[in-house]
file upload.pdb (PDB, C-alpha atoms)
ATOM      1  CA  MET A   1     -24.889 -35.252 -11.936  1.00  0.00           C
ATOM      2  CA  ARG A   2     -22.954 -32.723 -10.025  1.00  0.00           C
ATOM      3  CA  GLY A   3     -24.420 -30.050  -7.813  1.00  0.00           C
ATOM      4  CA  PRO A   4     -23.745 -26.336  -8.270  1.00  0.00           C
ATOM      5  CA  LYS A   5     -20.274 -25.123  -7.428  1.00  0.00           C
ATOM      6  CA  VAL A   6     -19.945 -23.286  -4.188  1.00  0.00           C
ATOM      7  CA  GLU A   7     -17.219 -20.697  -3.990  1.00  0.00           C
ATOM      8  CA  SER A   8     -15.969 -19.399  -0.714  1.00  0.00           C
ATOM      9  CA  ARG A   9     -14.930 -15.793  -0.912  1.00  0.00           C
ATOM     10  CA  VAL A  10     -13.500 -14.868   2.406  1.00  0.00           C
ATOM     11  CA  ARG A  11     -11.774 -11.558   2.348  1.00  0.00           C
ATOM     12  CA  THR A  12      -8.860 -11.503   4.671  1.00  0.00           C
ATOM     13  CA  ALA A  13      -8.145  -8.311   6.517  1.00  0.00           C
ATOM     14  CA  GLU A  14      -5.172  -6.403   5.166  1.00  0.00           C
ATOM     15  CA  LEU A  15      -2.512  -5.529   7.715  1.00  0.00           C
ATOM     16  CA  PRO A  16      -2.320  -1.757   8.298  1.00  0.00           C
ATOM     17  CA  MET A  17       1.396  -1.702   7.443  1.00  0.00           C
ATOM     18  CA  LEU A  18       0.856  -3.516   4.140  1.00  0.00           C
ATOM     19  CA  ARG A  19      -2.135  -1.340   3.263  1.00  0.00           C
ATOM     20  CA  ALA A  20      -0.124   1.840   3.886  1.00  0.00           C
ATOM     21  CA  TYR A  21       2.744   0.537   1.759  1.00  0.00           C
ATOM     22  CA  ARG A  22       0.354  -0.481  -1.051  1.00  0.00           C
ATOM     23  CA  LEU A  23      -1.240   2.995  -1.068  1.00  0.00           C
ATOM     24  CA  TRP A  24       2.188   4.654  -1.229  1.00  0.00           C
ATOM     25  CA  PHE A  25       3.382   2.266  -3.953  1.00  0.00           C
ATOM     26  CA  GLU A  26       0.264   2.805  -6.083  1.00  0.00           C
ATOM     27  CA  HIS A  27       0.654   6.575  -5.691  1.00  0.00           C
ATOM     28  CA  THR A  28       4.296   6.546  -6.780  1.00  0.00           C
ATOM     29  CA  ARG A  29       3.483   4.590  -9.934  1.00  0.00           C
ATOM     30  CA  LYS A  30       0.966   7.233 -11.049  1.00  0.00           C
ATOM     31  CA  CYS A  31       2.395  10.459  -9.617  1.00  0.00           C
ATOM     32  CA  THR A  32       3.777  12.957 -12.102  1.00  0.00           C
ATOM     33  CA  ASP A  33       4.714  15.546  -9.445  1.00  0.00           C
ATOM     34  CA  GLY A  34       8.025  13.972  -8.500  1.00  0.00           C
ATOM     35  CA  CYS A  35       7.358  10.579  -6.948  1.00  0.00           C
ATOM     36  CA  LYS A  36       7.613   8.597 -10.150  1.00  0.00           C
ATOM     37  CA  GLY A  37      11.270   7.971 -10.855  1.00  0.00           C
ATOM     38  CA  SER A  38      12.655   9.380  -7.617  1.00  0.00           C
ATOM     39  CA  SER A  39      15.091   7.150  -5.784  1.00  0.00           C
ATOM     40  CA  LYS A  40      13.956   8.137  -2.279  1.00  0.00           C
ATOM     41  CA  ALA A  41      10.524   8.628  -0.751  1.00  0.00           C
ATOM     42  CA  GLN A  42      11.734  11.929   0.744  1.00  0.00           C
ATOM     43  CA  ASP A  43      12.297  13.302  -2.770  1.00  0.00           C
ATOM     44  CA  GLY A  44       8.660  12.778  -3.823  1.00  0.00           C
ATOM     45  CA  CYS A  45       5.703  15.142  -3.746  1.00  0.00           C
ATOM     46  CA  GLU A  46       3.924  16.171  -0.549  1.00  0.00           C
ATOM     47  CA  THR A  47       1.238  13.486  -0.887  1.00  0.00           C
ATOM     48  CA  GLY A  48       3.885  10.826  -1.456  1.00  0.00           C
ATOM     49  CA  ARG A  49       5.806  11.941   1.616  1.00  0.00           C
ATOM     50  CA  GLU A  50       2.618  11.856   3.701  1.00  0.00           C
ATOM     51  CA  LEU A  51       1.814   8.334   2.486  1.00  0.00           C
ATOM     52  CA  TRP A  52       5.364   7.222   3.263  1.00  0.00           C
ATOM     53  CA  GLY A  53       5.079   8.736   6.742  1.00  0.00           C
ATOM     54  CA  ALA A  54       1.844   6.815   7.322  1.00  0.00           C
ATOM     55  CA  TYR A  55       3.620   3.634   6.252  1.00  0.00           C
ATOM     56  CA  ARG A  56       6.507   4.275   8.653  1.00  0.00           C
ATOM     57  CA  LEU A  57       4.106   4.876  11.553  1.00  0.00           C
ATOM     58  CA  ALA A  58       2.158   1.706  10.754  1.00  0.00           C
ATOM     59  CA  ARG A  59       5.420  -0.203  10.566  1.00  0.00           C
ATOM     60  CA  ILE A  60       6.568   1.076  13.947  1.00  0.00           C
ATOM     61  CA  GLU A  61       3.182   0.273  15.530  1.00  0.00           C
ATOM     62  CA  GLY A  62       3.270  -3.219  14.029  1.00  0.00           C
ATOM     63  CA  THR A  63       6.616  -4.092  15.563  1.00  0.00           C
ATOM     64  CA  SER A  64       5.853  -2.999  19.109  1.00  0.00           C
TER      65      SER A  64
END
call {"tool": "encode", "arguments": {"input": "upload.pdb", "output": "structure tokens"}}
result
Amino acid sequence: MRGPKVESRVRTAELPMLRAYRLWFEHTRKCTDGCKGSSKAQDGCETGRELWGAYRLARIEGTS
């Protein structure tokens, strides 16, 4: 007989840069105010531009 299965669910911490990019990416997929379909982050809505700015700051902080 086998014992019960034990699953290890360790949640790894998400890097701030990757989290910021994921939030921006998820926003652009759903946004109907200009982010969806725009070729540049600067052409998106205000929220999209703010999320992109947060990503850029996290990226700069991650490289220094």
call {"tool": "residues_around", "arguments": {"input": "upload.pdb", "residues": "Glu50 (chain A)", "least_positions_apart": "6", "cutoff": "12 Å", "atoms": "all atoms listed in the file", "output": "ChimeraX atom specification"}}
result
/A:20-21,23-24,27-28,35,41-44,56-57
call {"tool": "resolve_selection", "arguments": {"input": "upload.pdb", "expression": "the PyMOL selection byres ((chain A and resi 4-19) around 6)", "output": "list of chain:residue names"}}
result
A:Gly3, A:Ala20, A:Tyr21, A:Arg22, A:Tyr55, A:Ala58, A:Arg59
call {"tool": "atom_distance", "arguments": {"input": "upload.pdb", "atom1": "CA of Phe25 (chain A)", "atom2": "CA of Glu46 (chain A)"}}
result
14.3 Å
call {"tool": "atom_distance", "arguments": {"input": "upload.pdb", "atom1": "CA of Glu26 (chain A)", "atom2": "CA of Ile60 (chain A)"}}
result
21.1 Å
call {"tool": "atom_distance", "arguments": {"input": "upload.pdb", "atom1": "CA of Gly34 (chain A)", "atom2": "CA of Glu61 (chain A)"}}
result
28.1 Å
